[in-house]
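Visitor: Sharing coords.txt below, compact mmCIF, C-alpha atoms:
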```txt
# COMPACT_ATOMS: atom_id res chain seq x y z
CA MET A 8 63.54 61.27 -74.47
CA THR A 9 64.81 64.83 -75.01
CA ILE A 10 62.20 67.13 -76.46
CA PRO A 11 63.63 68.95 -79.49
CA LYS A 12 63.38 72.73 -79.54
CA PRO A 13 60.54 74.15 -81.62
CA LEU A 14 61.59 74.86 -85.18
CA GLN A 15 61.97 78.58 -85.83
CA THR A 16 61.36 78.12 -89.53
CA LYS A 17 58.63 76.30 -91.41
CA ALA A 18 60.94 75.28 -94.21
CA SER A 19 60.25 71.60 -93.45
CA VAL A 20 56.53 72.10 -92.76
CA MET A 21 53.88 72.38 -95.44
CA GLU A 22 52.27 75.81 -95.55
CA ALA A 23 48.54 76.18 -94.96
CA THR A 24 46.36 77.32 -97.86
CA THR A 25 43.03 79.14 -97.67
CA ASP A 26 41.14 76.54 -99.69
CA LYS A 27 42.30 73.60 -97.58
CA PRO A 28 41.72 73.00 -93.86
CA VAL A 29 44.49 72.67 -91.29
CA VAL A 30 43.89 69.41 -89.41
CA ALA A 31 45.18 68.75 -85.89
CA ILE A 32 45.23 65.24 -84.42
CA LEU A 33 44.51 65.69 -80.72
CA THR A 34 46.17 63.52 -78.09
CA ILE A 35 47.57 63.93 -74.60
CA GLU A 36 51.12 64.75 -73.55
CA ASP A 37 53.45 62.17 -72.04
CA ASP A 38 56.45 62.82 -69.79
CA THR A 39 58.67 60.19 -71.41
CA GLN A 40 57.63 60.09 -75.07
CA LEU A 41 56.27 63.55 -75.95
CA PHE A 42 52.69 62.36 -76.53
CA ARG A 43 50.54 59.25 -76.25
CA GLY A 44 48.71 57.34 -78.92
CA ASN A 45 49.33 55.11 -81.90
CA ARG A 46 52.33 56.78 -83.54
CA ALA A 47 52.15 54.64 -86.69
CA ASN A 48 48.53 55.71 -87.16
CA PHE A 49 49.41 59.37 -86.61
CA ALA A 50 52.27 59.13 -89.14
CA ASP A 51 49.92 57.52 -91.69
CA LEU A 52 47.39 60.31 -91.16
CA ILE A 53 50.03 63.02 -91.62
CA GLN A 54 51.33 61.35 -94.79
CA THR A 55 47.79 61.00 -96.21
CA GLY A 56 47.10 64.64 -95.41
CA GLN A 57 50.27 65.69 -97.22
CA GLN A 58 49.29 63.62 -100.27
CA MET A 59 45.93 65.44 -100.34
CA GLY A 60 47.56 68.85 -99.84
CA ILE A 61 46.26 69.23 -96.28
CA LEU A 62 48.56 70.43 -93.49
CA THR A 63 48.22 67.91 -90.65
CA TYR A 64 49.99 67.72 -87.31
CA VAL A 65 49.72 66.15 -83.86
CA VAL A 66 48.88 68.42 -80.93
CA THR A 67 48.54 67.70 -77.22
CA VAL A 68 45.81 68.98 -74.93
CA LYS A 69 48.45 71.03 -73.12
CA HIS A 70 49.74 72.77 -76.26
CA LEU A 71 46.38 73.43 -77.91
CA LYS A 72 46.00 77.08 -76.91
CA LEU A 73 42.62 78.06 -78.28
CA GLN A 74 43.24 81.80 -78.38
CA ALA A 75 46.69 81.61 -79.95
CA PRO A 76 47.32 82.16 -83.70
CA ARG A 77 50.12 79.57 -83.69
CA ILE A 78 50.13 76.12 -82.11
CA LEU A 79 53.07 74.03 -80.93
CA GLY A 80 52.66 70.58 -82.45
CA TYR A 81 54.50 67.59 -83.91
CA ILE A 82 55.09 66.30 -87.38
CA PHE A 83 56.72 63.07 -88.51
CA ARG A 84 59.93 63.52 -90.50
CA GLU A 85 60.23 60.49 -92.76
CA SER A 86 63.87 61.10 -93.72
CA ASP A 87 65.09 60.01 -90.28
CA GLU A 88 61.79 58.67 -88.85
CA THR A 89 61.73 61.28 -86.11
CA TRP A 90 58.92 63.26 -84.51
CA VAL A 91 59.80 66.94 -84.71
CA GLN A 92 58.24 69.78 -82.73
CA ALA A 93 57.30 72.88 -84.73
CA TRP A 94 54.94 75.87 -84.84
CA PHE A 95 51.77 75.40 -86.87
CA PRO A 96 48.77 77.51 -87.84
CA ARG A 97 45.64 77.33 -85.71
CA PRO A 98 43.60 74.28 -86.86
CA HIS A 99 40.27 74.37 -88.66
CA VAL A 100 39.52 70.73 -87.80
CA VAL A 101 40.46 68.81 -84.64
CA TYR A 102 40.35 65.01 -84.80
CA ASN A 103 40.15 63.60 -81.27
CA ARG A 104 42.48 60.60 -80.88
CA ILE A 105 43.11 60.79 -77.12
CA PRO A 106 43.86 57.09 -76.65
CA GLN A 107 42.55 56.21 -73.18
CA ARG A 108 39.22 56.75 -71.46
CA GLU A 109 41.10 57.57 -68.27
CA ASP A 110 42.89 60.41 -70.06
CA GLU A 111 39.68 61.74 -71.54
CA ARG A 112 38.04 61.82 -68.11
CA LEU A 113 40.74 64.05 -66.58
CA PRO A 114 39.17 67.41 -65.54
CA ARG A 115 41.59 69.51 -67.60
CA VAL A 116 40.97 67.34 -70.67
CA LYS A 117 37.19 67.50 -70.28
CA LYS A 118 37.47 71.28 -69.90
CA LYS A 119 39.55 71.61 -73.08
CA LEU A 120 37.21 69.37 -75.11
CA SER A 121 34.22 71.38 -73.90
CA ALA A 122 35.92 74.65 -74.86
CA LEU A 123 36.89 73.19 -78.24
CA ALA A 124 33.31 72.23 -79.01
CA LYS A 125 32.28 75.87 -78.50
CA GLN A 126 34.87 77.36 -80.87
CA PRO A 127 32.99 78.85 -83.84
CA ASP A 128 35.93 78.49 -86.23
CA ILE A 129 37.09 74.98 -85.25
CA ARG A 130 35.30 71.75 -86.07
CA LEU A 131 35.83 69.05 -83.46
CA PHE A 132 34.72 65.55 -84.26
CA ASN A 133 34.48 62.38 -82.20
CA ARG A 134 34.47 64.31 -78.95
CA ARG A 135 34.45 61.34 -76.58
CA PHE A 136 34.51 57.57 -76.17
CA PHE A 137 31.15 55.81 -76.19
CA ASN A 138 29.62 54.35 -73.05
CA LYS A 139 28.12 50.91 -73.70
CA TRP A 140 24.99 51.56 -71.65
CA SER A 141 24.36 54.90 -73.37
CA LEU A 142 24.75 53.25 -76.78
CA PHE A 143 22.04 50.70 -76.09
CA GLN A 144 19.75 53.36 -74.65
CA TRP A 145 20.18 55.49 -77.77
CA LEU A 146 19.53 52.59 -80.13
CA ASN A 147 16.47 51.46 -78.20
CA GLU A 148 14.96 54.94 -78.67
CA SER A 149 14.39 54.36 -82.37
CA ARG A 150 12.03 51.91 -84.08
CA ALA A 151 14.54 51.68 -86.93
CA THR A 152 17.38 50.39 -84.72
CA LYS A 153 15.63 48.60 -81.84
CA PRO A 154 15.24 45.26 -83.74
CA TYR A 155 19.04 44.90 -83.91
CA ILE A 156 19.64 45.26 -80.18
CA PRO A 157 19.94 42.22 -77.88
CA GLU A 158 18.00 42.56 -74.62
CA THR A 159 20.27 44.64 -72.40
CA LYS A 160 20.00 45.78 -68.76
CA LYS A 161 22.18 47.53 -66.21
CA LEU A 162 23.66 44.88 -63.92
CA THR A 163 22.62 46.39 -60.60
CA ASP A 164 21.78 43.31 -58.52
CA SER A 165 21.25 39.56 -58.60
CA LEU A 166 17.56 39.95 -59.50
CA VAL A 167 18.48 41.47 -62.86
CA LEU A 168 20.79 38.54 -63.56
CA SER A 169 18.33 35.86 -62.44
CA SER A 170 15.40 37.34 -64.41
CA LEU A 171 17.41 37.43 -67.63
CA LEU A 172 18.67 33.87 -67.09
CA LYS A 173 15.05 32.72 -67.04
CA ARG A 174 14.67 34.01 -70.61
CA HIS A 175 18.14 33.37 -72.03
CA ARG A 176 20.48 30.40 -71.57
CA LEU A 177 23.51 32.55 -72.41
CA LEU A 178 24.30 36.05 -71.12
CA TYR A 179 27.20 38.45 -71.73
CA LEU A 180 28.30 40.74 -68.90
CA LYS A 181 30.31 43.73 -70.16
CA PRO A 182 32.01 46.65 -68.40
CA VAL A 183 30.41 49.87 -69.68
CA ARG A 184 33.80 51.42 -70.42
CA GLY A 185 35.62 48.24 -71.36
CA LYS A 186 38.42 47.91 -73.86
CA ALA A 187 39.76 44.97 -75.90
CA GLY A 188 37.38 42.56 -74.21
CA VAL A 189 39.08 42.67 -70.79
CA GLY A 190 36.64 41.88 -67.98
CA ILE A 191 33.87 40.50 -70.19
CA MET A 192 32.03 37.59 -68.59
CA THR A 193 29.63 34.98 -69.93
CA VAL A 194 27.07 33.05 -67.91
CA THR A 195 25.70 29.83 -69.36
CA VAL A 196 22.84 27.83 -67.80
CA GLN A 197 23.37 24.07 -68.03
CA PRO A 198 20.41 22.60 -66.08
CA GLU A 199 21.57 19.02 -66.56
CA ARG A 200 24.76 19.69 -64.58
CA LYS A 201 25.11 19.39 -60.80
CA LEU A 202 26.50 22.94 -60.81
CA PRO A 203 24.24 24.49 -63.47
CA TYR A 204 25.79 27.96 -63.76
CA ARG A 205 28.98 28.28 -65.80
CA LEU A 206 30.82 31.60 -65.51
CA GLN A 207 33.72 32.47 -67.80
CA ILE A 208 35.80 35.62 -67.20
CA GLN A 209 38.10 37.07 -69.84
CA GLU A 210 41.30 38.55 -68.49
CA GLU A 211 44.36 40.30 -69.94
CA LYS A 212 45.72 36.91 -70.94
CA GLY A 213 43.37 33.97 -71.35
CA SER A 214 40.24 33.34 -69.31
CA ARG A 215 39.07 31.64 -66.11
CA THR A 216 36.03 29.41 -65.70
CA PHE A 217 33.94 28.86 -62.54
CA ARG A 218 30.87 26.81 -61.77
CA ALA A 219 28.15 27.65 -59.26
CA GLY A 220 25.27 25.61 -57.90
CA THR A 221 23.13 28.54 -56.78
CA MET A 222 22.32 32.04 -57.95
CA ARG A 223 23.77 33.42 -54.72
CA ARG A 224 27.17 31.84 -55.34
CA LEU A 225 27.10 32.96 -58.97
CA TRP A 226 26.29 36.54 -57.95
CA ASP A 227 29.07 36.56 -55.33
CA ARG A 228 31.61 35.71 -58.00
CA VAL A 229 30.19 38.18 -60.56
CA SER A 230 30.05 41.09 -58.08
CA ARG A 231 33.60 40.32 -56.91
CA GLN A 232 34.84 40.60 -60.50
CA SER A 233 32.93 43.83 -61.05
CA GLN A 234 34.41 45.37 -57.89
CA ARG A 235 37.90 44.22 -58.84
CA LEU A 236 37.62 45.95 -62.21
CA GLY A 237 36.03 49.02 -60.64
CA GLU A 238 33.50 49.38 -63.45
CA PRO A 239 29.70 49.17 -63.66
CA TYR A 240 28.45 46.39 -65.94
CA ILE A 241 25.66 45.77 -68.40
CA VAL A 242 24.17 42.32 -68.90
CA GLN A 243 23.09 41.27 -72.36
CA GLN A 244 21.23 38.48 -74.08
CA GLY A 245 23.68 36.04 -75.66
CA ILE A 246 23.21 35.40 -79.38
CA ALA A 247 23.75 32.04 -81.07
CA LEU A 248 26.12 33.32 -83.74
CA ALA A 249 26.69 31.66 -87.10
CA CYS A 250 29.76 29.42 -86.91
CA VAL A 251 32.47 28.12 -89.19
CA ASN A 252 34.26 24.94 -88.07
CA ASN A 253 32.35 25.22 -84.77
CA ARG A 254 33.80 28.65 -84.11
CA PRO A 255 31.47 31.68 -83.99
CA PHE A 256 32.34 34.74 -86.04
CA ASP A 257 31.27 38.34 -86.02
CA LEU A 258 31.63 41.25 -88.41
CA ARG A 259 33.55 44.46 -87.84
CA ALA A 260 32.34 47.39 -89.91
CA LEU A 261 33.88 50.83 -90.37
CA VAL A 262 31.46 53.64 -91.18
CA GLN A 263 32.70 57.17 -91.88
CA LYS A 264 31.47 60.49 -93.20
CA ASN A 265 32.43 61.01 -96.84
CA GLY A 266 33.27 64.12 -98.84
CA ALA A 267 29.58 65.01 -99.03
CA GLY A 268 29.16 64.82 -95.26
CA GLN A 269 27.12 61.60 -95.46
CA TRP A 270 27.63 58.33 -93.61
CA GLU A 271 29.15 55.65 -95.83
CA LEU A 272 30.47 52.17 -95.24
CA SER A 273 34.26 52.08 -95.67
CA GLY A 274 34.47 48.31 -95.31
CA ILE A 275 33.57 45.17 -93.38
CA GLY A 276 35.95 42.60 -91.96
CA ALA A 277 35.21 39.30 -90.26
CA ARG A 278 36.74 37.93 -87.07
CA VAL A 279 36.50 34.24 -86.18
CA ALA A 280 36.74 33.40 -82.47
CA GLY A 281 39.75 31.63 -81.06
CA ASP A 282 39.41 28.26 -79.37
CA SER A 283 37.53 28.70 -76.05
CA SER A 284 37.68 32.51 -76.32
CA ILE A 285 34.74 34.65 -75.20
CA THR A 286 35.39 37.21 -77.96
CA THR A 287 36.69 37.23 -81.52
CA HIS A 288 39.68 39.52 -80.80
CA VAL A 289 42.67 38.44 -82.89
CA PRO A 290 45.15 38.73 -79.96
CA ARG A 291 43.01 36.12 -78.16
CA GLY A 292 43.43 33.49 -80.82
CA GLY A 293 40.86 34.76 -83.29
CA TYR A 294 41.66 35.25 -86.94
CA ILE A 295 40.64 37.50 -89.83
CA ASP A 296 38.61 36.19 -92.73
CA GLU A 297 36.41 37.45 -95.56
CA PRO A 298 32.78 38.16 -94.58
CA GLU A 299 31.27 37.00 -97.86
CA LYS A 300 33.20 33.72 -97.81
CA LEU A 301 32.08 32.93 -94.25
CA LEU A 302 28.44 33.86 -94.89
CA VAL A 303 28.35 31.76 -98.07
CA SER A 304 29.73 28.77 -96.15
CA VAL A 305 26.87 29.08 -93.65
CA PHE A 306 23.90 30.27 -95.72
CA GLY A 307 24.73 29.53 -99.36
CA GLN A 308 25.33 32.05 -102.14
CA ASP A 309 21.84 33.57 -102.49
CA LYS A 310 21.00 34.09 -98.83
CA ALA A 311 24.56 35.21 -98.01
CA GLY A 312 24.21 38.08 -100.49
CA LYS A 313 20.95 39.19 -98.87
CA VAL A 314 22.42 38.95 -95.36
CA LEU A 315 25.49 40.97 -96.35
CA GLY A 316 23.27 43.59 -97.98
CA LYS A 317 21.25 43.80 -94.76
CA VAL A 318 24.43 44.21 -92.72
CA LYS A 319 25.61 47.07 -94.94
CA GLY A 320 22.32 48.94 -94.71
CA THR A 321 22.08 48.38 -90.97
CA THR A 322 25.47 50.00 -90.29
CA ILE A 323 24.31 53.31 -91.79
CA THR A 324 21.00 53.22 -89.92
CA LEU A 325 22.83 52.57 -86.65
CA ALA A 326 25.45 55.28 -87.26
CA LYS A 327 22.80 57.93 -87.96
CA GLN A 328 20.90 57.09 -84.78
CA ILE A 329 24.06 57.05 -82.62
CA GLU A 330 25.13 60.45 -83.91
CA ARG A 331 21.62 61.88 -83.49
CA SER A 332 21.37 60.67 -79.89
CA SER A 333 24.93 61.62 -78.91
CA HIS A 334 24.27 65.29 -79.77
CA SER A 335 27.81 65.67 -81.07
CA ARG A 336 29.52 65.67 -84.45
CA LEU A 337 30.94 62.29 -85.35
CA CYS A 338 33.18 61.46 -88.27
CA GLU A 339 33.60 57.72 -87.93
CA MET A 340 32.89 54.68 -85.82
CA SER A 341 33.61 50.98 -85.97
CA MET A 342 30.88 48.49 -85.11
CA ASP A 343 30.82 44.90 -83.97
CA LEU A 344 27.87 43.10 -85.51
CA GLY A 345 26.74 39.51 -85.36
CA VAL A 346 24.66 37.31 -87.63
CA ASP A 347 22.73 34.54 -85.91
CA THR A 348 21.96 31.11 -87.30
CA THR A 349 18.76 32.42 -88.96
CA GLY A 350 20.56 35.30 -90.70
CA HIS A 351 19.28 38.05 -88.40
CA VAL A 352 21.71 40.95 -87.82
CA TRP A 353 22.60 42.02 -84.26
CA PHE A 354 24.48 45.05 -82.95
CA PHE A 355 26.99 44.43 -80.14
CA GLU A 356 29.23 47.47 -79.84
CA ALA A 357 30.43 50.70 -81.43
CA ASN A 358 33.75 52.48 -80.95
CA SER A 359 34.11 56.22 -81.61
CA LYS A 360 37.88 55.82 -81.92
CA PRO A 361 38.32 52.84 -84.24
CA MET A 362 41.48 50.81 -84.11
CA LYS A 363 43.46 50.34 -87.30
CA PHE A 364 41.85 47.82 -89.66
CA ASP A 365 44.25 45.16 -90.89
CA GLU A 366 42.57 44.81 -94.28
CA PRO A 367 44.59 47.12 -96.63
CA HIS A 368 41.62 48.25 -98.75
CA ILE A 369 39.69 49.30 -95.62
CA ARG A 370 42.74 50.92 -94.06
CA ASN A 371 43.53 53.06 -97.12
CA LYS A 372 39.94 54.22 -97.49
CA SER A 373 39.70 54.99 -93.76
CA LEU A 374 42.63 57.41 -93.96
CA GLU A 375 41.33 59.19 -97.06
CA ARG A 376 37.83 59.60 -95.62
CA ILE A 377 39.12 61.54 -92.61
CA PHE A 378 40.43 64.24 -94.96
CA GLN A 379 37.55 64.09 -97.42
CA TYR A 380 35.20 64.89 -94.55
CA SER A 381 37.57 67.59 -93.25
CA LEU A 382 37.50 69.21 -96.71
CA TYR A 383 33.70 69.07 -96.66
CA LEU A 384 33.54 70.77 -93.25
CA HIS A 385 35.99 73.46 -94.36
CA ARG A 386 34.11 74.14 -97.59
CA LEU A 387 30.75 74.26 -95.84
CA LYS A 388 32.06 76.63 -93.19
CA HIS A 389 33.17 79.11 -95.86
CA GLU A 390 29.91 78.76 -97.80
CA SER A 391 27.86 79.40 -94.65
CA GLY A 392 30.04 82.29 -93.52
CA GLY A 393 31.47 80.41 -90.52
CA GLY A 394 28.17 79.20 -89.08
CA ALA A 395 27.56 75.84 -87.45
CA VAL A 396 27.76 72.70 -89.56
CA THR A 397 26.97 69.11 -88.76
```
Kindly present the structure from the file in structure tokens form.

Guide:
Amino acid sequence: MTIPKPLQTKASVMEATTDKPVVAILTIEDDTQLFRGNRANFADLIQTGQQMGILTYVVTVKHLKLQAPRILGYIFRESDETWVQAWFPRPHVVYNRIPQREDERLPRVKKKLSALAKQPDIRLFNRRFFNKWSLFQWLNESRATKPYIPETKKLTDSLVLSSLLKRHRLLYLKPVRGKAGVGIMTVTVQPERKLPYRLQIQEEKGSRTFRAGTMRRLWDRVSRQSQRLGEPYIVQQGIALACVNNRPFDLRALVQKNGAGQWELSGIGARVAGDSSITTHVPRGGYIDEPEKLLVSVFGQDKAGKVLGKVKGTTITLAKQIERSSHSRLCEMSMDLGVDTTGHVWFFEANSKPMKFDEPHIRNKSLERIFQYSLYLHRLKHESGGGAVT
């Protein structure tokens, strides 16, 4: 793709105003397509910003010159559906949407994010991807969140695996920096079988199943998979999730900061697992449904309402603890939560860079909240004379 020359005029670009922040969506450059990331999401963000009177543009790590008064960025031109390069004012808010962990771990990217976090006049939020092990450590630090955490250990050797299998018939083995469920394994103990250990490994497409008669053979297969993926793993107590039509389901919540700077639930969706799938990811045969409908089918109307209320309250408690322990400003996170057959709520995962929610009402609110929180940060900065805000 040919990179268009920077526009010399801002005739096609909204001007910045003093009472509104300039928001930059941060990503990483790409040799063939200008920049990486979910272009449809970026275009939606820019359009929402425009509707709220907020100048919004995409900027790459390379072009974000922190000492420059003008920044070379990209805006989506709807008239011909083209990304156009132009000069923009220095941002007040930077929204980190670098799409891959591998990109975020590059030395030059880490250096830029670190420098950004120290800028007194720029608010950076969602500085980095979460690490699964760190998440569970953070949540175990608090009495308020510990009850929602399945027993979780670092998978360092076969003794860790064997000790947990003595307490739990089902275990989940997860790469600490995993994405989209790739590399997740489950171990099930079936003592009545000749080969009592059942190992299922989720791959890019589908899954493979192995059986082992001894812990040594099981560990050989598990460690081989871990080495192949090149990632450390955690091992976690498996939860007997509530099911509909013999398929387990979990809940996916989106929590975001609102215009008052407070955590608020933007919405909850439900994902029902596909046939024989380890996870509830839709690309793996899962499907979307309504949380209340599923919970009512399992628990009845009265208890379902109480369970859903508990889920909603739990998401805010979890988000506050994650932000507190991460020591960085967060704006949003999605969470995977489960409800077991007794109605107890469990936390499985959080993502600091949520994927697009398919439910329209959640999607629309998610876009608006980004800018409501940006307005809050901008207003607070002016009220405090440019000091630090959280």

Visitor: At a cut-off of 12 Å, using all atoms listed in the file, what residues contact Ser170 in chain A? Leave out same-chain residues fewer than 4 positions from it and give the result as a list in words.

Guide: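 After dropping sequence-adjacent residues, the list is Glu158, Thr159, Lys160, Leu162, Asp164, Ser165, Leu166, Arg174, His175, Arg176, Leu178, Met222, Val242, Gln243 and Gln244 of chain A.
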
Visitor: Return the padded bounding box of range 381-387 of chain A as AutoDock Vina command-line options: axis-aligned, built from all atoms listed in the file, 5 Å added on each side, with centre and edge lengths in Å to one decimal.

Guide:
```
--center_x 34.2 --center_y 70.9 --center_z -95.4 --size_x 16.8 --size_y 16.7 --size_z 14.3
```

Visitor: What is the CA of Ser214 in chain A to CA of Val279 in chain A distance in Å?

Guide: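 Calculated distance between CA of Ser214 in chain A and CA of Val279 in chain A is 17.3 Å.
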
Visitor: Pick from A:Lys153, A:Arg336, A:Arg215, A:Arg108: nearest to Val352 in chain A, with all atoms listed in the file counted?

Guide: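 Of A:Lys153, A:Arg336, A:Arg215, A:Arg108, the one nearest Val352 in chain A is A:Lys153, counting all atoms listed in the file.
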
Visitor: In terms of the shortest atom-to-atom distance over all atoms listed in the file, which of A:Val30, A:Val183, A:Ser233, A:Gln58 is closest to Ile129 in chain A?

Guide: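 The shortest atom-to-atom distance to Ile129 in chain A comes from A:Val30.
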
Visitor: Using all atoms listed in the file, which of A:Leu344, A:Ile61, A:Ile53, A:Leu302 sits nearest Leu382 in chain A?

Guide: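 Smallest distance to Leu382 in chain A is found for A:Ile61.
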
Visitor: Which residues of range 127-154 of chain A come within 10 Å of range 320-335 of chain A, and what is each one's closest atom pair and distance in Å (one decimal), counting all atoms listed in the file, sorted by chain and residue number, as a Markdown table?

Guide:
```
| residue | atom | partner | partner_atom | distance |
| --- | --- | --- | --- | --- |
| A:Leu131 | CA | A:Ser335 | CA | 9.0 |
| A:Phe132 | CA | A:Ser335 | CA | 7.6 |
| A:Asn133 | CA | A:Ser335 | CA | 7.5 |
| A:Arg134 | CA | A:Ser335 | CA | 7.1 |
| A:Arg135 | CA | A:Ser335 | CA | 9.1 |
| A:Phe137 | CA | A:Ser333 | CA | 8.9 |
| A:Ser141 | CA | A:Ser333 | CA | 8.7 |
| A:Leu142 | CA | A:Ile329 | CA | 7.0 |
| A:Phe143 | CA | A:Ile329 | CA | 9.3 |
| A:Gln144 | CA | A:Ser332 | CA | 9.1 |
| A:Trp145 | CA | A:Ser332 | CA | 5.7 |
| A:Leu146 | CA | A:Gln328 | CA | 6.6 |
| A:Asn147 | CA | A:Gln328 | CA | 9.7 |
| A:Glu148 | CA | A:Ser332 | CA | 8.7 |
| A:Ser149 | CA | A:Gln328 | CA | 7.5 |
| A:Ala151 | CA | A:Thr324 | CA | 7.3 |
| A:Thr152 | CA | A:Leu325 | CA | 6.2 |
| A:Lys153 | CA | A:Leu325 | CA | 9.5 |
```

Visitor: When you count only C-alpha atoms, which of these residues is closest to Ser169 in chain A: A:Asn45, A:Pro255, A:Gly312, A:Thr221?

Guide: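 Of A:Asn45, A:Pro255, A:Gly312, A:Thr221, the one nearest Ser169 in chain A is A:Thr221, counting only C-alpha atoms.
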
Visitor: Near Arg130 in chain A, counting all atoms listed in the file, which residues have an atom at most 10 Å away, once you skip same-chain residues fewer than 6 positions from it, shown as a PDB file with C-alpha atoms, in the coordinates of the input?

Guide:
```pdb
ATOM      1  CA  VAL A  30      43.890  69.410 -89.410  1.00  0.00           C
ATOM      2  CA  PRO A  98      43.600  74.280 -86.860  1.00  0.00           C
ATOM      3  CA  HIS A  99      40.270  74.370 -88.660  1.00  0.00           C
ATOM      4  CA  VAL A 100      39.520  70.730 -87.800  1.00  0.00           C
ATOM      5  CA  VAL A 101      40.460  68.810 -84.640  1.00  0.00           C
ATOM      6  CA  TYR A 102      40.350  65.010 -84.800  1.00  0.00           C
ATOM      7  CA  LEU A 123      36.890  73.190 -78.240  1.00  0.00           C
ATOM      8  CA  ALA A 124      33.310  72.230 -79.010  1.00  0.00           C
ATOM      9  CA  ARG A 336      29.520  65.670 -84.450  1.00  0.00           C
ATOM     10  CA  SER A 381      37.570  67.590 -93.250  1.00  0.00           C
ATOM     11  CA  LEU A 384      33.540  70.770 -93.250  1.00  0.00           C
ATOM     12  CA  HIS A 385      35.990  73.460 -94.360  1.00  0.00           C
ATOM     13  CA  LYS A 388      32.060  76.630 -93.190  1.00  0.00           C
ATOM     14  CA  ALA A 395      27.560  75.840 -87.450  1.00  0.00           C
ATOM     15  CA  VAL A 396      27.760  72.700 -89.560  1.00  0.00           C
ATOM     16  CA  THR A 397      26.970  69.110 -88.760  1.00  0.00           C
TER      17      THR A 397
END
```

Visitor: So, with all atoms listed in the file as the atoms that count, which of A:Arg223, A:Arg77, A:Arg235, A:Lys139 lies closest to Arg97 in chain A?

Guide: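 Counting all atoms listed in the file, the residue closest to Arg97 in chain A is A:Arg77.
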
Visitor: Find the residue from A:Val29, A:Val346, A:Val318, A:Ile246 that sits nearest to Gly274 in chain A; use all atoms listed in the file when measuring.

Guide: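 Ranked by minimum distance to Gly274 in chain A, first place goes to A:Val318.
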
Visitor: Can you list, as a list in words, every protein, DNA or RNA residue that comes within 12 Å of Asn252 in chain A when you count all atoms listed in the file, leaving out same-chain residues fewer than 3 positions away?

Guide: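 Non-adjacent residues within range: Ala249, Pro255, Phe256, Val279, Ala280, Gly281, Asp282, Leu301, Ser304 and Val305 of chain A.
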
Visitor: Just give me the residues with any atom within 7 Å of (25.5, 24.3, -60.8), file coordinates, counting all atoms listed in the file, written as a list in words.

Guide: Arg200, Lys201, Leu202, Pro203, Tyr204, Arg218, Ala219, Gly220 and Thr221 of chain A

Visitor: Can you work out the spacing between CA of Thr63 in chain A and CA of Leu41 in chain A in Å, to one decimal?

Guide: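 CA of Leu41 in chain A lies at a distance of 17.3 Å from CA of Thr63 in chain A.
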
Visitor: Can you work out the spacing between CA of Val189 in chain A and CA of Glu210 in chain A in Å, to one decimal?

Guide: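 Rounded to one decimal, the two atoms are 5.2 Å apart.
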
Visitor: Just the residues within 10 Å of Pro106 in chain A, please, counting all atoms listed in the file, with nothing from its chain fewer than 5 positions along; format it as a PDB file with C-alpha atoms, in the frame of the given file.

Guide:
```pdb
ATOM      1  CA  LEU A  33      44.510  65.690 -80.720  1.00  0.00           C
ATOM      2  CA  THR A  34      46.170  63.520 -78.090  1.00  0.00           C
ATOM      3  CA  ILE A  35      47.570  63.930 -74.600  1.00  0.00           C
ATOM      4  CA  ARG A  43      50.540  59.250 -76.250  1.00  0.00           C
ATOM      5  CA  GLY A  44      48.710  57.340 -78.920  1.00  0.00           C
ATOM      6  CA  ASN A  45      49.330  55.110 -81.900  1.00  0.00           C
ATOM      7  CA  GLU A 111      39.680  61.740 -71.540  1.00  0.00           C
ATOM      8  CA  PHE A 136      34.510  57.570 -76.170  1.00  0.00           C
ATOM      9  CA  LYS A 360      37.880  55.820 -81.920  1.00  0.00           C
TER      10      LYS A 360
END
```
